[in-house]
$ cat run.cif   # mmCIF, C-alpha atoms
data_my_file
loop_
_atom_site.label_atom_id
_atom_site.label_comp_id
_atom_site.auth_asym_id
_atom_site.auth_seq_id
_atom_site.Cartn_x
_atom_site.Cartn_y
_atom_site.Cartn_z
CA MET T 1 40.45 126.19 119.26
CA ALA T 2 41.47 122.86 120.81
CA ASP T 3 40.83 122.72 124.55
CA HIS T 4 43.72 121.12 126.42
CA ARG T 5 43.43 121.30 130.18
CA ARG T 6 46.42 121.19 132.49
CA HIS T 7 46.79 118.02 134.53
CA TRP T 8 49.05 117.63 137.59
CA ARG T 9 50.63 114.50 136.09
CA ASN T 10 51.79 116.53 133.10
CA TYR T 11 53.30 119.41 135.01
CA ILE T 12 56.87 118.29 134.43
CA ILE T 13 57.26 118.21 130.66
CA ASP T 14 60.87 119.24 130.19
CA LYS T 15 62.82 117.91 133.17
CA ARG T 16 66.06 119.63 132.22
CA LEU T 17 64.54 123.06 131.76
CA GLN T 18 62.09 122.93 134.66
CA LEU T 19 64.05 121.09 137.35
CA ARG T 20 67.16 123.14 136.65
CA TYR T 21 65.31 126.34 137.50
CA VAL T 22 63.35 124.85 140.43
CA GLY T 23 66.53 123.27 141.80
CA LEU T 24 68.45 126.52 141.54
CA VAL T 25 65.83 128.54 143.42
CA ALA T 26 65.40 125.81 146.06
CA LEU T 27 69.17 125.54 146.57
CA LEU T 28 69.61 129.30 146.85
CA SER T 29 66.72 129.52 149.32
CA ALA T 30 68.21 126.66 151.35
CA ALA T 31 71.63 128.38 151.31
CA VAL T 32 70.15 131.67 152.51
CA CYS T 33 68.15 129.84 155.19
CA GLY T 34 71.23 127.88 156.25
CA LEU T 35 73.44 130.94 156.50
CA LEU T 36 70.97 133.16 158.34
CA GLY T 37 69.74 130.22 160.41
CA TRP T 38 73.30 129.60 161.54
CA LEU T 39 73.60 133.29 162.54
CA ILE T 40 70.35 133.02 164.52
CA TRP T 41 71.54 129.79 166.18
CA GLU T 42 74.81 131.47 167.10
CA GLN T 43 72.99 134.43 168.65
CA GLN T 44 70.64 132.14 170.52
CA SER T 45 73.52 130.00 171.85
CA GLU T 46 75.50 133.07 172.87
CA ALA T 47 72.51 134.46 174.78
CA SER T 48 72.02 131.10 176.51
CA ARG T 49 75.71 130.91 177.41
CA ALA T 50 75.52 134.43 178.89
CA VAL T 51 72.54 133.45 181.03
CA GLN T 52 74.29 130.24 182.13
CA HIS T 53 77.33 132.31 183.06
CA SER T 54 75.12 134.63 185.14
CA LEU T 55 73.46 131.65 186.78
CA ALA T 56 76.82 130.39 188.02
CA SER T 57 77.26 133.49 190.17
CA ILE T 58 73.80 133.26 191.79
CA ASP T 59 74.08 131.67 195.20
CA TYR T 60 70.39 131.45 196.21
CA LEU T 61 69.65 128.66 193.63
CA THR T 62 70.48 125.02 194.26
CA PRO T 63 72.62 123.19 191.64
CA GLU T 64 69.51 121.12 190.74
CA ASP T 65 67.48 124.30 190.01
CA LYS T 66 70.36 125.70 187.94
CA ALA T 67 70.57 122.44 185.95
CA LEU T 68 66.79 122.60 185.43
CA VAL T 69 67.01 126.16 184.07
CA VAL T 70 69.95 125.27 181.79
CA GLY T 71 68.14 122.16 180.52
CA HIS T 72 65.00 124.18 179.82
CA MET T 73 66.99 126.82 177.91
CA GLN T 74 68.78 124.21 175.81
CA SER T 75 65.52 122.49 174.91
CA SER T 76 63.95 125.86 174.10
CA ASP T 77 66.93 126.69 171.81
CA LEU T 78 66.62 123.35 170.05
CA GLN T 79 62.87 123.75 169.67
CA PHE T 80 63.32 127.20 168.17
CA VAL T 81 65.85 125.89 165.62
CA LEU T 82 63.63 122.91 164.75
CA VAL T 83 60.58 125.13 164.22
CA MET T 84 62.64 127.47 162.03
CA PHE T 85 64.04 124.55 160.06
CA GLY T 86 60.54 123.12 159.56
CA VAL T 87 59.11 126.47 158.46
CA CYS T 88 61.96 127.00 155.97
CA LEU T 89 61.64 123.46 154.63
CA GLY T 90 57.87 123.90 154.24
CA LEU T 91 58.31 127.22 152.48
CA ILE T 92 60.90 125.74 150.10
CA ALA T 93 58.57 122.81 149.32
CA VAL T 94 55.62 125.13 148.61
CA LEU T 95 57.88 127.38 146.56
CA SER T 96 59.17 124.42 144.53
CA ALA T 97 55.60 123.33 143.74
CA PHE T 98 54.77 126.87 142.65
CA LEU T 99 57.89 126.96 140.47
CA VAL T 100 56.99 123.67 138.80
CA VAL T 101 53.65 125.28 137.81
CA LEU T 102 55.44 128.44 136.66
CA THR T 103 58.03 126.57 134.57
CA HIS T 104 55.26 124.38 133.11
CA LYS T 105 53.91 127.53 131.48
CA ALA T 106 57.22 127.86 129.64
CA ALA T 107 57.80 124.16 128.93
CA GLY T 108 54.21 123.60 127.70
CA PRO T 109 54.39 125.88 124.64
CA LEU T 110 57.81 124.43 123.72
CA TYR T 111 56.40 120.91 123.91
CA LYS T 112 53.45 121.95 121.76
CA VAL T 113 55.64 123.62 119.13
CA GLY T 114 57.90 120.55 119.23
CA LEU T 115 54.91 118.37 118.24
CA TYR T 116 54.06 120.71 115.37
CA LEU T 117 57.69 120.68 114.24
CA ASP T 118 57.66 116.86 114.19
CA GLU T 119 54.54 116.99 112.02
CA ILE T 120 56.21 119.43 109.63
CA ALA T 121 59.32 117.22 109.53
CA ALA T 122 57.03 114.34 108.53
CA GLY T 123 55.77 116.43 105.59
CA ARG T 124 52.50 117.62 107.08
CA LEU T 125 51.22 121.14 107.61
CA PRO T 126 48.78 120.96 110.54
CA GLN T 127 46.51 123.76 111.61
CA VAL T 128 48.08 125.50 114.63
CA TYR T 129 45.87 126.12 117.64
CA ASP T 130 46.37 128.91 120.18
CA LEU T 131 48.27 128.48 123.44
CA ARG T 132 46.47 128.09 126.75
CA ARG T 133 45.81 131.07 128.96
CA GLY T 134 48.86 131.96 131.06
CA ASP T 135 51.36 130.25 128.77
CA GLU T 136 54.70 131.96 128.11
CA PHE T 137 56.39 132.70 124.76
CA LYS T 138 53.21 134.07 123.17
CA ARG T 139 55.14 136.35 120.79
CA PHE T 140 57.33 133.49 119.59
CA PHE T 141 54.29 131.26 119.21
CA GLU T 142 52.45 133.91 117.15
CA LYS T 143 55.37 134.07 114.72
CA PHE T 144 55.48 130.28 114.46
CA LYS T 145 51.71 130.13 113.91
CA HIS T 146 51.92 132.84 111.26
CA MET T 147 54.65 130.89 109.44
CA VAL T 148 52.58 127.70 109.38
CA GLU T 149 49.51 129.64 108.18
CA VAL T 150 51.54 131.17 105.34
CA LEU T 151 52.93 127.72 104.43
CA ARG T 152 49.40 126.30 104.39
CA GLU T 153 48.18 129.13 102.14
CA ARG T 154 51.14 128.58 99.82
CA ALA T 155 50.49 124.84 99.68
CA GLN T 156 46.83 125.51 98.84
CA THR T 157 47.83 127.93 96.07
CA ASP T 158 50.38 125.40 94.73
CA ALA T 159 47.86 122.53 94.77
CA ARG T 160 45.24 124.69 93.00
CA ALA T 161 47.73 125.81 90.32
CA PHE T 162 49.04 122.25 89.78
CA GLY T 163 45.49 120.91 89.48
CA ALA T 164 44.37 123.71 87.14
CA PHE T 165 47.37 123.16 84.83
CA ALA T 166 46.78 119.38 84.72
CA ALA T 167 43.07 119.98 83.93
CA ALA T 168 43.94 122.49 81.17
CA CYS T 169 46.33 119.95 79.60
CA GLU T 170 43.60 117.32 79.84
CA HIS T 171 41.13 119.65 78.06
CA ALA T 172 43.66 120.44 75.35
CA ASP T 173 44.40 116.71 75.02
CA ILE T 174 48.15 117.11 75.52
CA ALA T 175 48.45 115.25 78.83
CA GLY T 176 49.44 111.97 77.23
CA ALA T 177 52.83 110.29 77.11
CA GLY T 178 56.14 112.00 76.36
CA PRO T 179 58.07 114.46 78.51
CA LEU T 180 54.95 116.46 79.46
CA GLY T 181 53.06 113.29 80.39
CA ARG T 182 55.84 112.19 82.76
CA ALA T 183 56.18 115.69 84.19
CA LEU T 184 52.41 115.86 84.77
CA GLU T 185 52.56 112.56 86.66
CA ASP T 186 55.17 114.03 89.02
CA LEU T 187 53.10 117.20 89.33
CA GLY T 188 50.05 115.08 90.23
CA LYS T 189 52.06 113.34 92.97
CA LEU T 190 53.13 116.70 94.39
CA LYS T 191 49.52 117.91 94.37
CA ARG T 192 48.36 114.81 96.27
CA GLU T 193 51.15 115.26 98.83
CA LYS T 194 50.19 118.88 99.38
CA ASP T 195 46.51 117.97 99.79
CA GLU T 196 47.45 115.29 102.33
CA ALA T 197 49.78 117.68 104.17
CA LEU T 198 46.93 120.19 104.50
CA ALA T 199 44.51 117.58 105.81
CA ALA T 200 46.83 116.73 108.74
CA SER T 201 45.99 117.72 112.27
CA VAL T 202 47.81 117.49 115.60
CA GLY T 203 46.01 115.99 118.58
CA MET C 204 74.00 123.49 109.69
CA GLN C 205 76.83 125.95 110.00
CA LYS C 206 78.61 127.95 112.64
CA HIS C 207 77.95 131.64 112.73
CA ALA C 208 79.66 134.04 115.10
CA HIS C 209 77.00 136.03 116.94
CA LYS C 210 78.48 137.47 120.10
CA ARG C 211 76.29 138.20 123.08
CA SER C 212 75.88 141.83 123.94
CA TRP C 213 74.51 143.22 127.20
CA ARG C 214 72.14 145.38 125.11
CA ASN C 215 70.45 142.23 123.79
CA LEU C 216 70.22 140.40 127.11
CA VAL C 217 66.48 140.97 127.43
CA LEU C 218 64.96 139.36 124.32
CA ASP C 219 61.61 138.30 125.82
CA PRO C 220 60.82 140.82 128.59
CA THR C 221 57.74 139.04 129.95
CA TYR C 222 59.33 135.61 130.33
CA GLN C 223 62.76 136.83 131.41
CA LEU C 224 61.54 139.38 133.96
CA VAL C 225 58.90 137.07 135.47
CA PHE C 226 61.39 134.23 135.99
CA THR C 227 64.15 136.54 137.22
CA LEU C 228 61.90 138.44 139.61
CA VAL C 229 60.57 135.19 141.10
CA LEU C 230 64.17 134.06 141.64
CA VAL C 231 65.24 137.37 143.20
CA GLY C 232 61.96 137.84 145.11
CA THR C 233 62.15 134.40 146.72
CA CYS C 234 65.68 134.85 147.97
CA ALA C 235 64.94 138.43 149.04
CA ALA C 236 61.89 137.25 151.02
CA PHE C 237 63.91 134.55 152.81
CA MET C 238 66.73 137.01 153.50
CA PHE C 239 64.31 139.63 154.78
CA GLY C 240 62.37 137.20 156.99
CA LEU C 241 65.38 135.51 158.57
CA GLY C 242 67.43 138.72 158.57
CA TRP C 243 64.66 140.34 160.59
CA VAL C 244 64.90 137.51 163.17
CA VAL C 245 68.70 137.98 163.31
CA VAL C 246 68.34 141.75 163.82
CA LYS C 247 65.73 141.21 166.55
CA GLN C 248 68.03 138.76 168.36
CA VAL C 249 71.00 141.09 168.06
CA ASP C 250 68.83 143.93 169.40
CA ALA C 251 67.74 141.78 172.36
CA ALA C 252 71.33 140.67 173.06
CA THR C 253 72.55 144.28 172.88
CA GLU C 254 69.80 145.46 175.24
CA THR C 255 70.66 142.68 177.74
CA ALA C 256 74.34 143.54 177.58
CA LYS C 257 73.55 147.25 178.05
CA ALA C 258 71.35 146.44 181.05
CA ASN C 259 74.16 144.34 182.56
CA ILE C 260 76.65 147.19 182.08
CA ASN C 261 74.24 149.75 183.57
CA GLY C 262 73.60 147.45 186.54
CA GLU C 263 77.28 147.08 187.31
CA ARG C 264 77.74 149.66 190.10
CA THR C 265 81.49 149.22 190.41
CA LEU C 266 82.11 150.12 186.75
CA ASP C 267 83.60 153.54 185.87
CA PRO C 268 80.81 155.60 184.08
CA GLU C 269 83.23 156.52 181.26
CA VAL C 270 84.09 152.85 180.66
CA ALA C 271 80.38 151.94 180.82
CA ARG C 272 79.50 154.61 178.20
CA ALA C 273 82.35 153.49 175.93
CA SER C 274 81.25 149.86 176.23
CA ILE C 275 77.63 150.74 175.40
CA ALA C 276 78.75 152.84 172.40
CA LYS C 277 80.85 149.91 171.18
CA LEU C 278 77.90 147.54 171.55
CA GLU C 279 75.61 149.94 169.65
CA ALA C 280 78.19 150.39 166.88
CA ARG C 281 78.48 146.61 166.54
CA GLN C 282 74.69 146.29 166.46
CA SER C 283 74.42 148.94 163.74
CA LEU C 284 77.32 147.41 161.74
CA LEU C 285 75.70 143.98 161.76
CA THR C 286 72.40 145.43 160.52
CA TRP C 287 74.18 147.24 157.70
CA ILE C 288 76.17 144.15 156.79
CA LEU C 289 72.92 142.16 156.56
CA VAL C 290 71.28 144.86 154.40
CA GLY C 291 74.38 145.22 152.20
CA VAL C 292 74.79 141.48 151.66
CA GLY C 293 71.05 141.18 150.95
CA VAL C 294 71.14 143.95 148.34
CA ALA C 295 74.34 142.58 146.75
CA ILE C 296 72.92 139.03 146.54
CA SER C 297 69.63 140.34 145.08
CA GLY C 298 71.51 142.42 142.48
CA GLY C 299 73.78 139.53 141.57
CA LEU C 300 70.83 137.16 141.30
CA PHE C 301 68.98 139.62 139.06
CA VAL C 302 71.90 139.75 136.61
CA TYR C 303 72.32 135.97 136.80
CA GLY C 304 68.57 135.43 136.28
CA ILE C 305 68.50 137.64 133.19
CA LYS C 306 71.54 135.83 131.77
CA MET C 307 70.10 132.40 132.58
CA THR C 308 66.74 133.16 130.93
CA HIS C 309 68.59 134.73 127.98
CA HIS C 310 69.98 131.25 127.21
CA VAL C 311 66.37 130.11 126.68
CA ALA C 312 64.99 133.28 125.08
CA GLY C 313 67.96 133.46 122.67
CA PRO C 314 67.28 130.20 120.77
CA LEU C 315 63.57 131.06 120.60
CA HIS C 316 64.39 134.49 119.23
CA LYS C 317 66.58 132.84 116.62
CA VAL C 318 63.86 130.37 115.63
CA SER C 319 61.30 133.20 115.41
CA LEU C 320 63.63 135.07 113.00
CA TYR C 321 63.79 131.96 110.79
CA CYS C 322 59.98 131.68 111.00
CA ASP C 323 59.68 135.28 109.79
CA LYS C 324 62.04 134.53 106.89
CA VAL C 325 60.15 131.40 105.85
CA ALA C 326 56.85 133.33 106.04
CA LYS C 327 58.37 135.96 103.73
CA GLY C 328 59.53 133.20 101.37
CA HIS C 329 63.24 132.94 102.19
CA PHE C 330 65.01 129.72 103.10
CA ASP C 331 68.31 130.91 104.56
CA THR C 332 71.06 128.78 106.05
CA VAL C 333 70.32 127.61 109.61
CA TYR C 334 73.22 128.33 111.94
CA ASN C 335 74.21 126.57 115.15
CA LEU C 336 73.18 127.83 118.56
CA ARG C 337 75.75 129.72 120.58
CA LYS C 338 77.79 128.18 123.38
CA GLY C 339 75.78 128.00 126.60
CA ASP C 340 72.39 128.17 124.87
CA GLN C 341 69.59 125.95 126.17
CA LEU C 342 66.81 124.19 124.19
CA ARG C 343 69.27 122.28 122.01
CA SER C 344 66.86 119.39 121.51
CA PHE C 345 64.03 121.78 120.60
CA TYR C 346 66.32 123.56 118.14
CA GLU C 347 67.21 120.21 116.58
CA HIS C 348 63.49 119.53 116.04
CA PHE C 349 63.19 122.92 114.36
CA ARG C 350 66.22 122.29 112.16
CA VAL C 351 64.84 118.94 110.93
CA ALA C 352 61.46 120.54 110.14
CA TYR C 353 63.19 123.43 108.39
CA ASP C 354 65.32 121.04 106.29
CA THR C 355 62.16 119.16 105.28
CA LEU C 356 60.46 122.37 104.17
CA LYS C 357 63.54 123.42 102.24
CA SER C 358 64.00 120.05 100.52
CA ARG C 359 60.30 120.05 99.55
CA GLU C 360 60.74 123.50 98.05
CA GLN C 361 63.75 122.23 96.09
CA ARG C 362 61.71 119.27 94.86
CA ASP C 363 58.87 121.62 93.81
CA VAL C 364 61.37 123.70 91.84
CA ALA C 365 62.80 120.64 90.05
CA CYS C 366 59.34 119.32 89.17
CA LEU C 367 57.99 122.71 88.05
CA ALA C 368 61.08 123.35 85.92
CA GLU C 369 60.52 120.00 84.22
CA VAL C 370 56.79 120.70 83.62
CA VAL C 371 57.43 124.23 82.36
CA ALA C 372 60.16 123.05 79.95
CA ALA C 373 57.99 120.22 78.62
CA ALA C 374 54.95 122.51 78.23
CA ARG C 375 56.95 125.20 76.46
CA ALA C 376 58.08 122.62 73.88
CA ILE C 377 54.46 122.08 72.86
CA ASP C 378 53.35 124.39 70.09
CA PRO C 379 50.65 125.49 69.44
CA ARG C 380 49.10 125.64 72.96
CA SER C 381 45.54 126.51 73.91
CA SER C 382 44.97 129.85 75.61
CA GLU C 383 43.89 128.01 78.79
CA VAL C 384 47.12 126.01 78.88
CA THR C 385 49.16 129.18 78.21
CA GLU C 386 47.35 130.97 81.04
CA ARG C 387 47.87 128.11 83.53
CA LEU C 388 51.48 127.72 82.40
CA ALA C 389 52.07 131.38 83.21
CA GLU C 390 50.83 130.67 86.75
CA LEU C 391 53.28 127.78 87.09
CA GLU C 392 56.12 129.96 85.74
CA GLU C 393 55.24 132.58 88.33
CA LEU C 394 55.28 129.94 91.11
CA LEU C 395 58.60 128.59 89.82
CA ARG C 396 60.17 132.05 89.93
CA ALA C 397 58.95 132.63 93.50
CA LYS C 398 60.20 129.24 94.68
CA GLU C 399 63.60 129.70 93.00
CA ALA C 400 63.91 133.11 94.65
CA SER C 401 63.04 131.63 98.06
CA LEU C 402 65.97 129.23 97.81
CA GLY C 403 68.34 132.08 96.99
#

$ encode --input "run.cif" --output "structure tokens"
Amino acid sequence: MADHRRHWRNYIIDKRLQLRYVGLVALLSAAVCGLLGWLIWEQQSEASRAVQHSLASIDYLTPEDKALVVGHMQSSDLQFVLVMFGVCLGLIAVLSAFLVVLTHKAAGPLYKVGLYLDEIAAGRLPQVYDLRRGDEFKRFFEKFKHMVEVLRERAQTDARAFGAFAAACEHADIAGAGPLGRALEDLGKLKREKDEALAASVG
Amino acid sequence: MQKHAHKRSWRNLVLDPTYQLVFTLVLVGTCAAFMFGLGWVVVKQVDAATETAKANINGERTLDPEVARASIAKLEARQSLLTWILVGVGVAISGGLFVYGIKMTHHVAGPLHKVSLYCDKVAKGHFDTVYNLRKGDQLRSFYEHFRVAYDTLKSREQRDVACLAEVVAAARAIDPRSSEVTERLAELEELLRAKEASLG
């Protein structure tokens, strides 16, 4: 089994697939935070306004003291909103990083199968190695692996049968020129191609 | 590549339970956690505001007790309504996101399901026609890679058939043949039949 370790630089393999999902979750989280944050801000402001209103009717405080209290409340409101904004932003950032790792486990197998498919398209039949632990689409990958294994077995059977027939013709001394000779040349080419296809491997 | 009308059905929405449920539950869970956390802060603030307002009403000596009770009941009803609205909206958003998540992941699981069906067919020795993906499906580039590989396999099978047919015809024309040649020829004829059958 080939050992391929995950590396942080390779975590985004399929930008479209991964960033679409990460972006969606981050946007939804930001929308929820924005909406509920606005509600909290409204409540906070309303409470502050109520206190300010009460302050206006108190006659034992000087206008300077009242202004001090109001200023303190406003700064406390702002601080609360800023802390909440920072916490939400931090959570969304951590969540996005986690989602990149999660989506990598889906994009990784697709990338790997894509490489195998390119090899097959180039006429080779590489040996398929297992997925890494934690990867998604294991059932799909097993079916793909099974198909390639069957194709490799078939190619081996074909190459053996082609070679055995050519050797039998050689023994019987009928592999010379004429229609059979030309056909055997083509059969020999096919056998070589199948042998080469089976020798291929994917890095 | 041809078009083939396969309509989506809600019964087939979950094609890869592990992948689809994990990604959907992360989506729903994240939003639910944010809604719960911030919703809890909202409820706490509303509770505090209601308690302050109730204390103000109770401290107002000049107010008629009936009016004070009615005002407090109104405040409590508003407090309860807001909590229920928050819970209701949270549940509705979570439900909607769950359905959306399953549908979104279905657009990825669908093409993979389709490719795995073709893989099964090739493993069983059948090269069927490859149809297009459905509207809205993802992984179009991946599917294109698969289609090119599939076409290569199919064209190689067709080339094998043409070559084997030529060899078999030329070998049959030779008479007499040695028993070894006859035996090996039978193997090639068997291979030719299987390959012809795989192409349909």

$ residues_near_point --input "run.cif" --point "(67.1, 139.1, 153.2)" --cutoff "10 Å" --atoms "only C-alpha atoms" --output "PyMOL selection string"
(chain T and resi 32-33+36) or (chain C and resi 232-243+289-294+296-297)

$ residues_around --input "run.cif" --residues "Ala122 (chain T)" --least-positions-apart "2" --cutoff "12 Å" --atoms "all atoms listed in the file" --output "PyMOL selection string"
(chain T and resi 115-120+124-126+193+196-197+200) or (chain C and resi 348+351-356+359)

$ closest_atom_pairs --input "run.cif" --of "chain T" --to "chain C" --cutoff "7 Å" --atoms "all atoms listed in the file" --output "Markdown table"
| residue | atom | partner | partner_atom | distance |
| --- | --- | --- | --- | --- |
| T:Val25 | CA | C:Leu230 | CA | 6.0 |
| T:Leu28 | CA | C:Cys234 | CA | 6.9 |
| T:Ser29 | CA | C:Cys234 | CA | 5.6 |
| T:Val32 | CA | C:Met238 | CA | 6.4 |
| T:Cys33 | CA | C:Phe237 | CA | 6.8 |
| T:Leu36 | CA | C:Leu241 | CA | 6.1 |
| T:Leu39 | CA | C:Val245 | CA | 6.8 |
| T:Ile40 | CA | C:Val245 | CA | 5.4 |
| T:Gln43 | CA | C:Gln248 | CA | 6.6 |
| T:Ala47 | CA | C:Ala252 | CA | 6.6 |
| T:Gly114 | CA | C:Phe345 | CA | 6.4 |
| T:Leu117 | CA | C:Ala352 | CA | 5.6 |
| T:Asp118 | CA | C:Ala352 | CA | 6.7 |
| T:Ile120 | CA | C:Ala352 | CA | 5.4 |
| T:Ala121 | CA | C:Ala352 | CA | 4.0 |
| T:Gly123 | CA | C:Thr355 | CA | 7.0 |
| T:Glu136 | CA | C:Tyr222 | CA | 6.3 |
| T:Phe137 | CA | C:Tyr222 | CA | 6.9 |
| T:Phe140 | CA | C:Ser319 | CA | 5.8 |
| T:Lys143 | CA | C:Ser319 | CA | 6.0 |
| T:Phe144 | CA | C:Cys322 | CA | 5.8 |
| T:Met147 | CA | C:Ala326 | CA | 4.7 |
| T:Val150 | CA | C:Ala326 | CA | 5.8 |
| T:Ala161 | CA | C:Leu391 | CA | 6.7 |
| T:Ala164 | CA | C:Arg387 | CA | 6.7 |
| T:Phe165 | CA | C:Arg387 | CA | 5.1 |
| T:Ala168 | CA | C:Val384 | CA | 5.3 |
| T:Cys169 | CA | C:Val384 | CA | 6.2 |
| T:Ala172 | CA | C:Ser381 | CA | 6.5 |
| T:Pro179 | CA | C:Ala373 | CA | 5.8 |
| T:Leu180 | CA | C:Ala373 | CA | 4.9 |
| T:Ala183 | CA | C:Val370 | CA | 5.1 |
| T:Leu184 | CA | C:Val370 | CA | 6.6 |
| T:Asp186 | CA | C:Cys366 | CA | 6.7 |
| T:Leu187 | CA | C:Cys366 | CA | 6.6 |

$ resolve_selection --input "run.cif" --expression "the PyMOL selection byres ((chain T and resi 95-106) around 8)" --output "ChimeraX atom specification"
/T:11-13,17-19,21-23,25-26,91-94,107-110,134-137

$ atom_distance --input "run.cif" --atom1 "CA of Ala50 (chain T)" --atom2 "CA of Ala31 (chain T)"
28.5 Å

$ residues_around --input "run.cif" --residues "region 74-89 of chain T" --least-positions-apart "4" --cutoff "8 Å" --atoms "all atoms listed in the file" --output "ChimeraX atom specification"
/T:30,33,37,41,44-45,48,70,93

$ write_last_selection --input "run.cif" --atoms "C-alpha atoms" --output "mmCIF file, in the coordinates of the input"
data_model
loop_
_atom_site.group_PDB
_atom_site.id
_atom_site.type_symbol
_atom_site.label_atom_id
_atom_site.label_comp_id
_atom_site.auth_asym_id
_atom_site.auth_seq_id
_atom_site.Cartn_x
_atom_site.Cartn_y
_atom_site.Cartn_z
ATOM 1 C CA ALA T 30 68.210 126.660 151.350
ATOM 2 C CA CYS T 33 68.150 129.840 155.190
ATOM 3 C CA GLY T 37 69.740 130.220 160.410
ATOM 4 C CA TRP T 41 71.540 129.790 166.180
ATOM 5 C CA GLN T 44 70.640 132.140 170.520
ATOM 6 C CA SER T 45 73.520 130.000 171.850
ATOM 7 C CA SER T 48 72.020 131.100 176.510
ATOM 8 C CA VAL T 70 69.950 125.270 181.790
ATOM 9 C CA ALA T 93 58.570 122.810 149.320
#

$ atom_distance --input "run.cif" --atom1 "CA of His309 (chain C)" --atom2 "CA of Val113 (chain T)"
19.2 Å

$ resolve_selection --input "run.cif" --expression "the PyMOL selection byres ((chain C and resi 213) around 12)" --output "PyMOL selection string"
chain C and resi 210-212+214-218+302+305-306+309

$ atom_distance --input "run.cif" --atom1 "CA of Val364 (chain C)" --atom2 "CA of Glu399 (chain C)"
6.5 Å

$ closest_residue --input "run.cif" --among "T:Ile58, T:Leu24, T:His171, T:Arg49" --to "Gly71 (chain T)" --atoms "all atoms listed in the file"
T:Arg49

$ build_atoms --input "run.cif" --residues "region 350-364 of chain C" --atoms "N, CA and C atoms" --output "PDB file, in the frame of the given file"
ATOM      1  N   ARG C 350      65.307 122.405 113.297  1.00  0.00           N
ATOM      2  CA  ARG C 350      66.220 122.290 112.160  1.00  0.00           C
ATOM      3  C   ARG C 350      65.760 121.179 111.194  1.00  0.00           C
ATOM      4  N   VAL C 351      65.308 120.062 111.762  1.00  0.00           N
ATOM      5  CA  VAL C 351      64.840 118.940 110.930  1.00  0.00           C
ATOM      6  C   VAL C 351      63.603 119.370 110.134  1.00  0.00           C
ATOM      7  N   ALA C 352      62.670 120.066 110.821  1.00  0.00           N
ATOM      8  CA  ALA C 352      61.460 120.540 110.140  1.00  0.00           C
ATOM      9  C   ALA C 352      61.824 121.528 109.037  1.00  0.00           C
ATOM     10  N   TYR C 353      62.747 122.409 109.350  1.00  0.00           N
ATOM     11  CA  TYR C 353      63.190 123.430 108.390  1.00  0.00           C
ATOM     12  C   TYR C 353      63.823 122.765 107.159  1.00  0.00           C
ATOM     13  N   ASP C 354      64.677 121.764 107.408  1.00  0.00           N
ATOM     14  CA  ASP C 354      65.320 121.040 106.290  1.00  0.00           C
ATOM     15  C   ASP C 354      64.282 120.359 105.411  1.00  0.00           C
ATOM     16  N   THR C 355      63.234 119.817 106.048  1.00  0.00           N
ATOM     17  CA  THR C 355      62.160 119.160 105.280  1.00  0.00           C
ATOM     18  C   THR C 355      61.473 120.181 104.372  1.00  0.00           C
ATOM     19  N   LEU C 356      61.135 121.335 104.958  1.00  0.00           N
ATOM     20  CA  LEU C 356      60.460 122.370 104.170  1.00  0.00           C
ATOM     21  C   LEU C 356      61.335 122.803 102.995  1.00  0.00           C
ATOM     22  N   LYS C 357      62.620 122.962 103.278  1.00  0.00           N
ATOM     23  CA  LYS C 357      63.540 123.420 102.240  1.00  0.00           C
ATOM     24  C   LYS C 357      63.691 122.359 101.134  1.00  0.00           C
ATOM     25  N   SER C 358      63.817 121.095 101.532  1.00  0.00           N
ATOM     26  CA  SER C 358      64.000 120.050 100.520  1.00  0.00           C
ATOM     27  C   SER C 358      62.724 119.892  99.686  1.00  0.00           C
ATOM     28  N   ARG C 359      61.566 120.115 100.307  1.00  0.00           N
ATOM     29  CA  ARG C 359      60.300 120.050  99.550  1.00  0.00           C
ATOM     30  C   ARG C 359      60.224 121.193  98.537  1.00  0.00           C
ATOM     31  N   GLU C 360      60.722 122.345  98.959  1.00  0.00           N
ATOM     32  CA  GLU C 360      60.740 123.500  98.050  1.00  0.00           C
ATOM     33  C   GLU C 360      61.658 123.204  96.865  1.00  0.00           C
ATOM     34  N   GLN C 361      62.803 122.582  97.164  1.00  0.00           N
ATOM     35  CA  GLN C 361      63.750 122.230  96.090  1.00  0.00           C
ATOM     36  C   GLN C 361      63.128 121.219  95.126  1.00  0.00           C
ATOM     37  N   ARG C 362      62.363 120.278  95.701  1.00  0.00           N
ATOM     38  CA  ARG C 362      61.710 119.270  94.860  1.00  0.00           C
ATOM     39  C   ARG C 362      60.628 119.908  93.992  1.00  0.00           C
ATOM     40  N   ASP C 363      59.897 120.883  94.579  1.00  0.00           N
ATOM     41  CA  ASP C 363      58.870 121.620  93.810  1.00  0.00           C
ATOM     42  C   ASP C 363      59.523 122.321  92.631  1.00  0.00           C
ATOM     43  N   VAL C 364      60.659 122.945  92.895  1.00  0.00           N
ATOM     44  CA  VAL C 364      61.370 123.700  91.840  1.00  0.00           C
ATOM     45  C   VAL C 364      61.770 122.747  90.712  1.00  0.00           C
TER      46      VAL C 364
END
